[in-house]
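Structure file work_23.cif with mmCIF, N, CA and C atoms:
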```cif
data_entry
#
loop_
_atom_site.label_atom_id
_atom_site.label_comp_id
_atom_site.auth_asym_id
_atom_site.auth_seq_id
_atom_site.Cartn_x
_atom_site.Cartn_y
_atom_site.Cartn_z
N MET A 1 0.71 88.93 -13.64
CA MET A 1 0.15 87.82 -14.40
C MET A 1 -1.13 88.29 -15.10
N ASN A 2 -1.25 87.93 -16.33
CA ASN A 2 -2.42 88.24 -17.14
C ASN A 2 -3.47 87.16 -16.92
N LYS A 3 -4.74 87.50 -17.12
CA LYS A 3 -5.82 86.53 -16.94
C LYS A 3 -5.65 85.31 -17.84
N PHE A 4 -5.03 85.49 -19.01
CA PHE A 4 -4.85 84.38 -19.94
C PHE A 4 -3.83 83.36 -19.44
N ASP A 5 -2.88 83.78 -18.63
CA ASP A 5 -1.84 82.87 -18.16
C ASP A 5 -2.42 81.72 -17.34
N ALA A 6 -3.38 82.02 -16.49
CA ALA A 6 -4.02 80.96 -15.70
C ALA A 6 -4.81 80.01 -16.60
N TYR A 7 -5.48 80.54 -17.61
CA TYR A 7 -6.19 79.69 -18.56
C TYR A 7 -5.22 78.79 -19.33
N ILE A 8 -4.07 79.33 -19.69
CA ILE A 8 -3.07 78.54 -20.41
C ILE A 8 -2.60 77.38 -19.54
N THR A 9 -2.35 77.66 -18.25
CA THR A 9 -1.94 76.60 -17.32
C THR A 9 -3.03 75.54 -17.21
N ASP A 10 -4.27 75.97 -16.99
CA ASP A 10 -5.37 75.01 -16.85
C ASP A 10 -5.55 74.17 -18.11
N TYR A 11 -5.45 74.82 -19.27
CA TYR A 11 -5.58 74.11 -20.53
C TYR A 11 -4.46 73.09 -20.70
N LEU A 12 -3.26 73.47 -20.34
CA LEU A 12 -2.12 72.57 -20.45
C LEU A 12 -2.28 71.36 -19.53
N TYR A 13 -2.79 71.56 -18.32
CA TYR A 13 -3.05 70.44 -17.42
C TYR A 13 -4.07 69.48 -18.03
N GLU A 14 -5.10 70.05 -18.64
CA GLU A 14 -6.18 69.24 -19.17
C GLU A 14 -5.84 68.55 -20.49
N LYS A 15 -5.23 69.27 -21.42
CA LYS A 15 -5.00 68.75 -22.77
C LYS A 15 -3.58 68.24 -23.01
N LYS A 16 -2.67 68.51 -22.10
CA LYS A 16 -1.28 68.01 -22.13
C LYS A 16 -0.36 68.71 -23.13
N GLU A 17 -0.90 69.61 -23.99
CA GLU A 17 -0.04 70.39 -24.86
C GLU A 17 -0.76 71.64 -25.33
N VAL A 18 0.04 72.66 -25.59
CA VAL A 18 -0.51 73.92 -26.08
C VAL A 18 0.53 74.59 -26.98
N ALA A 19 0.04 75.17 -28.07
CA ALA A 19 0.90 75.94 -28.97
C ALA A 19 0.62 77.42 -28.72
N LEU A 20 1.69 78.19 -28.57
CA LEU A 20 1.57 79.63 -28.35
C LEU A 20 2.18 80.36 -29.54
N ASP A 21 1.42 81.26 -30.13
CA ASP A 21 1.76 81.95 -31.36
C ASP A 21 3.18 82.51 -31.37
N LYS A 22 3.96 82.05 -32.35
CA LYS A 22 5.34 82.50 -32.59
C LYS A 22 6.26 82.33 -31.37
N ILE A 23 5.85 81.45 -30.45
CA ILE A 23 6.67 81.14 -29.28
C ILE A 23 7.09 79.68 -29.34
N GLY A 24 6.13 78.77 -29.34
CA GLY A 24 6.46 77.37 -29.42
C GLY A 24 5.39 76.46 -28.88
N LEU A 25 5.74 75.20 -28.77
CA LEU A 25 4.84 74.15 -28.31
C LEU A 25 5.29 73.67 -26.94
N ILE A 26 4.36 73.61 -26.01
CA ILE A 26 4.64 73.13 -24.66
C ILE A 26 3.85 71.84 -24.45
N LYS A 27 4.54 70.80 -23.98
CA LYS A 27 3.90 69.51 -23.71
C LYS A 27 4.23 69.08 -22.29
N THR A 28 3.24 68.54 -21.61
CA THR A 28 3.49 67.89 -20.34
C THR A 28 3.59 66.41 -20.63
N THR A 29 4.63 65.78 -20.10
CA THR A 29 4.87 64.38 -20.45
C THR A 29 4.66 63.41 -19.29
N ALA A 30 4.60 63.91 -18.09
CA ALA A 30 4.39 63.04 -16.94
C ALA A 30 3.84 63.87 -15.79
N TYR A 31 3.16 63.22 -14.88
CA TYR A 31 2.61 63.91 -13.72
C TYR A 31 3.10 63.25 -12.45
N SER A 32 3.32 64.08 -11.47
CA SER A 32 3.75 63.60 -10.16
C SER A 32 2.60 62.86 -9.50
N ALA A 33 2.90 61.80 -8.78
CA ALA A 33 1.87 61.03 -8.10
C ALA A 33 1.28 61.79 -6.92
N GLN A 34 2.07 62.68 -6.32
CA GLN A 34 1.61 63.41 -5.13
C GLN A 34 0.57 64.47 -5.45
N ASP A 35 0.72 65.12 -6.58
CA ASP A 35 -0.25 66.14 -6.95
C ASP A 35 -0.43 66.13 -8.46
N GLU A 36 -1.25 67.00 -8.92
CA GLU A 36 -1.57 67.01 -10.34
C GLU A 36 -0.63 67.90 -11.15
N GLN A 37 0.45 68.36 -10.53
CA GLN A 37 1.41 69.21 -11.23
C GLN A 37 2.24 68.38 -12.20
N PRO A 38 2.57 68.94 -13.36
CA PRO A 38 3.39 68.18 -14.30
C PRO A 38 4.79 67.96 -13.73
N ALA A 39 5.27 66.74 -13.83
CA ALA A 39 6.62 66.42 -13.36
C ALA A 39 7.63 66.65 -14.48
N SER A 40 7.16 66.64 -15.72
CA SER A 40 8.04 66.82 -16.86
C SER A 40 7.33 67.68 -17.91
N VAL A 41 8.05 68.71 -18.36
CA VAL A 41 7.50 69.61 -19.37
C VAL A 41 8.52 69.74 -20.49
N GLU A 42 8.06 69.60 -21.73
CA GLU A 42 8.92 69.76 -22.89
C GLU A 42 8.51 71.03 -23.64
N PHE A 43 9.49 71.77 -24.11
CA PHE A 43 9.23 72.99 -24.88
C PHE A 43 9.99 72.92 -26.19
N THR A 44 9.30 73.19 -27.29
CA THR A 44 9.92 73.25 -28.60
C THR A 44 9.70 74.65 -29.16
N TYR A 45 10.79 75.38 -29.33
CA TYR A 45 10.71 76.72 -29.90
C TYR A 45 10.29 76.63 -31.36
N ASN A 46 9.33 77.47 -31.75
CA ASN A 46 8.88 77.48 -33.14
C ASN A 46 8.28 78.85 -33.44
N LYS A 47 9.02 79.70 -34.13
CA LYS A 47 8.54 81.05 -34.40
C LYS A 47 7.48 81.10 -35.49
N LYS A 48 7.15 79.95 -36.09
CA LYS A 48 6.13 79.91 -37.13
C LYS A 48 4.83 79.26 -36.66
N ILE A 49 4.80 78.79 -35.42
CA ILE A 49 3.62 78.11 -34.90
C ILE A 49 2.51 79.12 -34.61
N THR A 50 1.27 78.66 -34.69
CA THR A 50 0.13 79.50 -34.34
C THR A 50 -0.52 78.96 -33.07
N THR A 51 -1.24 79.81 -32.40
CA THR A 51 -1.90 79.43 -31.16
C THR A 51 -2.90 78.30 -31.40
N SER A 52 -2.94 77.36 -30.49
CA SER A 52 -3.89 76.24 -30.57
C SER A 52 -5.32 76.79 -30.66
N GLU A 53 -6.03 76.40 -31.70
CA GLU A 53 -7.43 76.83 -31.85
C GLU A 53 -8.27 76.36 -30.66
N GLU A 54 -7.93 75.18 -30.15
CA GLU A 54 -8.66 74.62 -29.03
C GLU A 54 -8.46 75.47 -27.77
N LEU A 55 -7.30 76.11 -27.64
CA LEU A 55 -7.07 77.01 -26.50
C LEU A 55 -8.02 78.19 -26.56
N ILE A 56 -8.19 78.75 -27.75
CA ILE A 56 -9.11 79.87 -27.91
C ILE A 56 -10.54 79.45 -27.56
N ASP A 57 -10.95 78.28 -28.04
CA ASP A 57 -12.28 77.75 -27.71
C ASP A 57 -12.42 77.55 -26.20
N TYR A 58 -11.38 77.00 -25.58
CA TYR A 58 -11.38 76.72 -24.14
C TYR A 58 -11.56 78.02 -23.34
N ILE A 59 -10.77 79.04 -23.67
CA ILE A 59 -10.84 80.30 -22.95
C ILE A 59 -12.20 80.96 -23.19
N SER A 60 -12.69 80.92 -24.42
CA SER A 60 -13.99 81.50 -24.75
C SER A 60 -15.10 80.87 -23.92
N GLU A 61 -15.04 79.55 -23.81
CA GLU A 61 -16.05 78.83 -23.03
C GLU A 61 -15.94 79.15 -21.54
N LYS A 62 -14.73 79.09 -21.01
CA LYS A 62 -14.53 79.32 -19.57
C LYS A 62 -14.85 80.77 -19.16
N ALA A 63 -14.50 81.71 -20.03
CA ALA A 63 -14.72 83.13 -19.71
C ALA A 63 -16.12 83.58 -20.11
N GLY A 64 -16.82 82.77 -20.91
CA GLY A 64 -18.15 83.15 -21.35
C GLY A 64 -18.14 84.35 -22.28
N LYS A 65 -17.10 84.43 -23.12
CA LYS A 65 -16.96 85.57 -24.02
C LYS A 65 -16.91 85.11 -25.47
N ASN A 66 -17.14 86.03 -26.36
CA ASN A 66 -17.14 85.78 -27.79
C ASN A 66 -15.78 85.25 -28.25
N ARG A 67 -15.80 84.20 -29.05
CA ARG A 67 -14.56 83.56 -29.52
C ARG A 67 -13.68 84.53 -30.29
N SER A 68 -14.27 85.37 -31.13
CA SER A 68 -13.49 86.32 -31.93
C SER A 68 -12.76 87.32 -31.04
N LEU A 69 -13.44 87.76 -30.00
CA LEU A 69 -12.79 88.69 -29.06
C LEU A 69 -11.64 88.01 -28.32
N ILE A 70 -11.86 86.78 -27.89
CA ILE A 70 -10.81 86.04 -27.20
C ILE A 70 -9.62 85.83 -28.13
N ALA A 71 -9.89 85.47 -29.40
CA ALA A 71 -8.80 85.25 -30.36
C ALA A 71 -7.96 86.52 -30.52
N ALA A 72 -8.62 87.66 -30.64
CA ALA A 72 -7.89 88.92 -30.78
C ALA A 72 -7.13 89.27 -29.50
N ASP A 73 -7.75 89.05 -28.36
CA ASP A 73 -7.10 89.35 -27.08
C ASP A 73 -5.88 88.47 -26.83
N ILE A 74 -6.00 87.17 -27.13
CA ILE A 74 -4.87 86.27 -26.90
C ILE A 74 -3.74 86.58 -27.87
N GLU A 75 -4.08 86.96 -29.10
CA GLU A 75 -3.05 87.35 -30.07
C GLU A 75 -2.29 88.58 -29.56
N SER A 76 -3.01 89.54 -29.05
CA SER A 76 -2.40 90.75 -28.50
C SER A 76 -1.54 90.43 -27.28
N HIS A 77 -2.07 89.57 -26.41
CA HIS A 77 -1.34 89.18 -25.20
C HIS A 77 -0.02 88.49 -25.56
N LEU A 78 -0.07 87.56 -26.51
CA LEU A 78 1.15 86.83 -26.88
C LEU A 78 2.14 87.72 -27.62
N ALA A 79 1.65 88.72 -28.35
CA ALA A 79 2.56 89.69 -28.98
C ALA A 79 3.31 90.47 -27.91
N GLN A 80 2.60 90.85 -26.86
CA GLN A 80 3.23 91.56 -25.74
C GLN A 80 4.22 90.64 -25.01
N VAL A 81 3.84 89.39 -24.82
CA VAL A 81 4.73 88.40 -24.19
C VAL A 81 6.04 88.31 -24.98
N ARG A 82 5.94 88.20 -26.30
CA ARG A 82 7.15 88.10 -27.14
C ARG A 82 8.01 89.36 -27.00
N GLU A 83 7.37 90.53 -26.93
CA GLU A 83 8.13 91.77 -26.75
C GLU A 83 8.93 91.73 -25.44
N PHE A 84 8.28 91.30 -24.38
CA PHE A 84 8.97 91.21 -23.09
C PHE A 84 10.09 90.18 -23.12
N ILE A 85 9.83 89.02 -23.72
CA ILE A 85 10.87 87.99 -23.82
C ILE A 85 12.07 88.55 -24.59
N ASN A 86 11.79 89.26 -25.67
CA ASN A 86 12.87 89.77 -26.52
C ASN A 86 13.69 90.87 -25.88
N ILE A 87 13.17 91.53 -24.85
CA ILE A 87 13.97 92.54 -24.14
C ILE A 87 14.59 91.97 -22.86
N GLY A 88 14.47 90.64 -22.69
CA GLY A 88 15.16 89.99 -21.59
C GLY A 88 14.33 89.66 -20.37
N LYS A 89 13.03 89.88 -20.43
CA LYS A 89 12.17 89.55 -19.30
C LYS A 89 11.52 88.20 -19.56
N PRO A 90 11.69 87.23 -18.67
CA PRO A 90 11.09 85.91 -18.89
C PRO A 90 9.57 85.96 -18.75
N TYR A 91 8.91 85.10 -19.48
CA TYR A 91 7.46 84.94 -19.41
C TYR A 91 7.15 83.78 -18.49
N GLU A 92 6.37 84.03 -17.47
CA GLU A 92 6.02 82.99 -16.50
C GLU A 92 4.67 82.39 -16.83
N ILE A 93 4.65 81.07 -16.94
CA ILE A 93 3.40 80.33 -17.04
C ILE A 93 3.19 79.73 -15.66
N PRO A 94 2.17 80.19 -14.93
CA PRO A 94 1.98 79.77 -13.54
C PRO A 94 2.01 78.25 -13.36
N ASP A 95 2.73 77.81 -12.34
CA ASP A 95 2.87 76.40 -11.97
C ASP A 95 3.60 75.55 -13.01
N ILE A 96 4.08 76.15 -14.09
CA ILE A 96 4.76 75.41 -15.15
C ILE A 96 6.24 75.80 -15.24
N GLY A 97 6.51 77.08 -15.46
CA GLY A 97 7.89 77.54 -15.59
C GLY A 97 7.97 78.85 -16.35
N PHE A 98 9.14 79.13 -16.89
CA PHE A 98 9.42 80.39 -17.56
C PHE A 98 9.94 80.14 -18.97
N ILE A 99 9.60 81.05 -19.88
CA ILE A 99 10.18 81.04 -21.21
C ILE A 99 11.00 82.31 -21.33
N LYS A 100 12.24 82.16 -21.76
CA LYS A 100 13.11 83.32 -21.91
C LYS A 100 13.92 83.18 -23.19
N ALA A 101 14.52 84.28 -23.60
CA ALA A 101 15.31 84.28 -24.82
C ALA A 101 16.78 84.06 -24.48
N LYS A 102 17.43 83.21 -25.25
CA LYS A 102 18.88 83.05 -25.16
C LYS A 102 19.52 84.20 -25.92
N ASN A 103 20.83 84.34 -25.79
CA ASN A 103 21.55 85.39 -26.52
C ASN A 103 21.37 85.26 -28.03
N SER A 104 21.14 84.04 -28.51
CA SER A 104 20.98 83.80 -29.94
C SER A 104 19.59 84.19 -30.44
N GLY A 105 18.69 84.55 -29.52
CA GLY A 105 17.33 84.91 -29.90
C GLY A 105 16.35 83.76 -29.86
N VAL A 106 16.85 82.56 -29.67
CA VAL A 106 16.01 81.37 -29.56
C VAL A 106 15.41 81.35 -28.15
N TYR A 107 14.15 80.95 -28.05
CA TYR A 107 13.50 80.86 -26.75
C TYR A 107 13.82 79.51 -26.10
N GLU A 108 13.96 79.56 -24.79
CA GLU A 108 14.17 78.31 -24.04
C GLU A 108 13.23 78.30 -22.85
N PHE A 109 12.96 77.09 -22.36
CA PHE A 109 12.04 76.89 -21.25
C PHE A 109 12.84 76.55 -19.99
N MET A 110 12.45 77.19 -18.90
CA MET A 110 13.07 76.93 -17.61
C MET A 110 11.95 76.46 -16.65
N PRO A 111 11.90 75.16 -16.34
CA PRO A 111 10.82 74.68 -15.45
C PRO A 111 11.02 75.18 -14.02
N TYR A 112 9.94 75.14 -13.24
CA TYR A 112 10.03 75.50 -11.82
C TYR A 112 10.95 74.53 -11.13
#
```

When written as structure tokens, how does the structure in this file appear?
Amino acid sequence: MNKFDAYITDYLYEKKEVALDKIGLIKTTAYSAQDEQPASVEFTYNKKITTSEELIDYISEKAGKNRSLIAADIESHLAQVREFINIGKPYEIPDIGFIKAKNSGVYEFMPY
């Protein structure tokens, strides 16, 4: 797991949606009463989407690092994520689920 994956999970819990560059949009639509884990997660594949600017701001603030550096690092991280997805390795978002590629090349979400 990369350090950004935990930030993505935390951001998704807090803001209820996040866009990941050339991957898609993830939304949490409901929460379980027993804990704060999302009970329902929706994923929309979109190879033209860009990373949520607010996610970059969030990580920059939480990590105490320069926003430009975080933007470059997250772009690099997501490029590597796409490479792994495209060779058949699912991308795990902690406590949320996995994104993997179908045979058609379209990404799909598999919740926990």

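Summary of the local environment: counting only C-alpha atoms, residues at most 6 Å from range 40-56 of chain A, other than itself and those fewer than 2 positions away along its chain, are Ala19, Leu20, Asp21, Lys22, Ile23, Gly24, Leu25, Ile26, Lys27, Thr28, Thr29, Ala30, Pro38, Tyr58, Ile59, Ala71 and Tyr107 of chain A.
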
- [ ] Evaluate the PyMOL selection byres (((chain A and resi 82 and name CA) around 12) and name CA) on the structure here and hand back the selected residues as a ChimeraX atom specification.
- [x] /A:20-24,47,75-81,83-92,99-101,105-107

Kindly save the residues from that selection, with N, CA and C atoms included, as a tab-separated table (two decimals), in the frame of the given file.
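Everything below was put into part-v8.tsv:
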```tsv
chain	number	residue	atom	x	y	z
A	20	LEU	N	1.69	78.19	-28.57
A	20	LEU	CA	1.57	79.63	-28.35
A	20	LEU	C	2.18	80.36	-29.54
A	21	ASP	N	1.42	81.26	-30.13
A	21	ASP	CA	1.76	81.95	-31.36
A	21	ASP	C	3.18	82.51	-31.37
A	22	LYS	N	3.96	82.05	-32.35
A	22	LYS	CA	5.34	82.50	-32.59
A	22	LYS	C	6.26	82.33	-31.37
A	23	ILE	N	5.85	81.45	-30.45
A	23	ILE	CA	6.67	81.14	-29.28
A	23	ILE	C	7.09	79.68	-29.34
A	24	GLY	N	6.13	78.77	-29.34
A	24	GLY	CA	6.46	77.37	-29.42
A	24	GLY	C	5.39	76.46	-28.88
A	47	LYS	N	9.02	79.70	-34.13
A	47	LYS	CA	8.54	81.05	-34.40
A	47	LYS	C	7.48	81.10	-35.49
A	75	GLU	N	-4.08	86.96	-29.10
A	75	GLU	CA	-3.05	87.35	-30.07
A	75	GLU	C	-2.29	88.58	-29.56
A	76	SER	N	-3.01	89.54	-29.05
A	76	SER	CA	-2.40	90.75	-28.50
A	76	SER	C	-1.54	90.43	-27.28
A	77	HIS	N	-2.07	89.57	-26.41
A	77	HIS	CA	-1.34	89.18	-25.20
A	77	HIS	C	-0.02	88.49	-25.56
A	78	LEU	N	-0.07	87.56	-26.51
A	78	LEU	CA	1.15	86.83	-26.88
A	78	LEU	C	2.14	87.72	-27.62
A	79	ALA	N	1.65	88.72	-28.35
A	79	ALA	CA	2.56	89.69	-28.98
A	79	ALA	C	3.31	90.47	-27.91
A	80	GLN	N	2.60	90.85	-26.86
A	80	GLN	CA	3.23	91.56	-25.74
A	80	GLN	C	4.22	90.64	-25.01
A	81	VAL	N	3.84	89.39	-24.82
A	81	VAL	CA	4.73	88.40	-24.19
A	81	VAL	C	6.04	88.31	-24.98
A	83	GLU	N	7.37	90.53	-26.93
A	83	GLU	CA	8.13	91.77	-26.75
A	83	GLU	C	8.93	91.73	-25.44
A	84	PHE	N	8.28	91.30	-24.38
A	84	PHE	CA	8.97	91.21	-23.09
A	84	PHE	C	10.09	90.18	-23.12
A	85	ILE	N	9.83	89.02	-23.72
A	85	ILE	CA	10.87	87.99	-23.82
A	85	ILE	C	12.07	88.55	-24.59
A	86	ASN	N	11.79	89.26	-25.67
A	86	ASN	CA	12.87	89.77	-26.52
A	86	ASN	C	13.69	90.87	-25.88
A	87	ILE	N	13.17	91.53	-24.85
A	87	ILE	CA	13.97	92.54	-24.14
A	87	ILE	C	14.59	91.97	-22.86
A	88	GLY	N	14.47	90.64	-22.69
A	88	GLY	CA	15.16	89.99	-21.59
A	88	GLY	C	14.33	89.66	-20.37
A	89	LYS	N	13.03	89.88	-20.43
A	89	LYS	CA	12.17	89.55	-19.30
A	89	LYS	C	11.52	88.20	-19.56
A	90	PRO	N	11.69	87.23	-18.67
A	90	PRO	CA	11.09	85.91	-18.89
A	90	PRO	C	9.57	85.96	-18.75
A	91	TYR	N	8.91	85.10	-19.48
A	91	TYR	CA	7.46	84.94	-19.41
A	91	TYR	C	7.15	83.78	-18.49
A	92	GLU	N	6.37	84.03	-17.47
A	92	GLU	CA	6.02	82.99	-16.50
A	92	GLU	C	4.67	82.39	-16.83
A	99	ILE	N	9.60	81.05	-19.88
A	99	ILE	CA	10.18	81.04	-21.21
A	99	ILE	C	11.00	82.31	-21.33
A	100	LYS	N	12.24	82.16	-21.76
A	100	LYS	CA	13.11	83.32	-21.91
A	100	LYS	C	13.92	83.18	-23.19
A	101	ALA	N	14.52	84.28	-23.60
A	101	ALA	CA	15.31	84.28	-24.82
A	101	ALA	C	16.78	84.06	-24.48
A	105	GLY	N	18.69	84.55	-29.52
A	105	GLY	CA	17.33	84.91	-29.90
A	105	GLY	C	16.35	83.76	-29.86
A	106	VAL	N	16.85	82.56	-29.67
A	106	VAL	CA	16.01	81.37	-29.56
A	106	VAL	C	15.41	81.35	-28.15
A	107	TYR	N	14.15	80.95	-28.05
A	107	TYR	CA	13.50	80.86	-26.75
A	107	TYR	C	13.82	79.51	-26.10
```

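From atom N of Asp95 in chain A back to CA of Lys65 in chain A, the distance works out to 24.2 Å.
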
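For range 3-87 of chain A, a DSSP pass over the backbone yields strand (DSSP E or B) at Glu17, Val18, Ala19, Leu20, Gly24, Leu25, Ile26, Lys27, Thr28, Thr29, Ala30, Tyr31, Pro38, Ala39, Ser40, Val41, Glu42, Phe43, Thr44 and Tyr45 of chain A.
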
Open item on the list: What does the structure give for the distance between atom C of Ala72 in chain A and CA of Phe4 in chain A, in Å to one decimal?
Closed with: 11.0 Å

- [ ] Report the residues of chain A whose backbone DSSP state falls under helix (DSSP H, G or I), written as a PyMOL selection string.
- [x] chain A and resi 3-15+53-63+67-86

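With distances taken from (-12.5, 87.6, -24.6) and restricted to only C-alpha atoms, the residues inside 9 Å are Ile59, Ser60, Ala63, Gly64, Lys65, Asn66, Arg67, Ser68, Leu69, Ile70, Ala71, Ala72, Asp73 and Ile74 of chain A.
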
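Atom pair atom N of Lys62 in chain A / CA of Phe109 in chain A: separated by 26.9 Å.
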
If the box runs along x, y and z of the file and leaves 4 Å on each side of range 41-53 of chain A, what are its centre and edge lengths in Å, one decimal, as JSON?
```
{"center_x": 1.3, "center_y": 74.9, "center_z": -27.7, "size_x": 27.1, "size_y": 20.4, "size_z": 26.8}
```
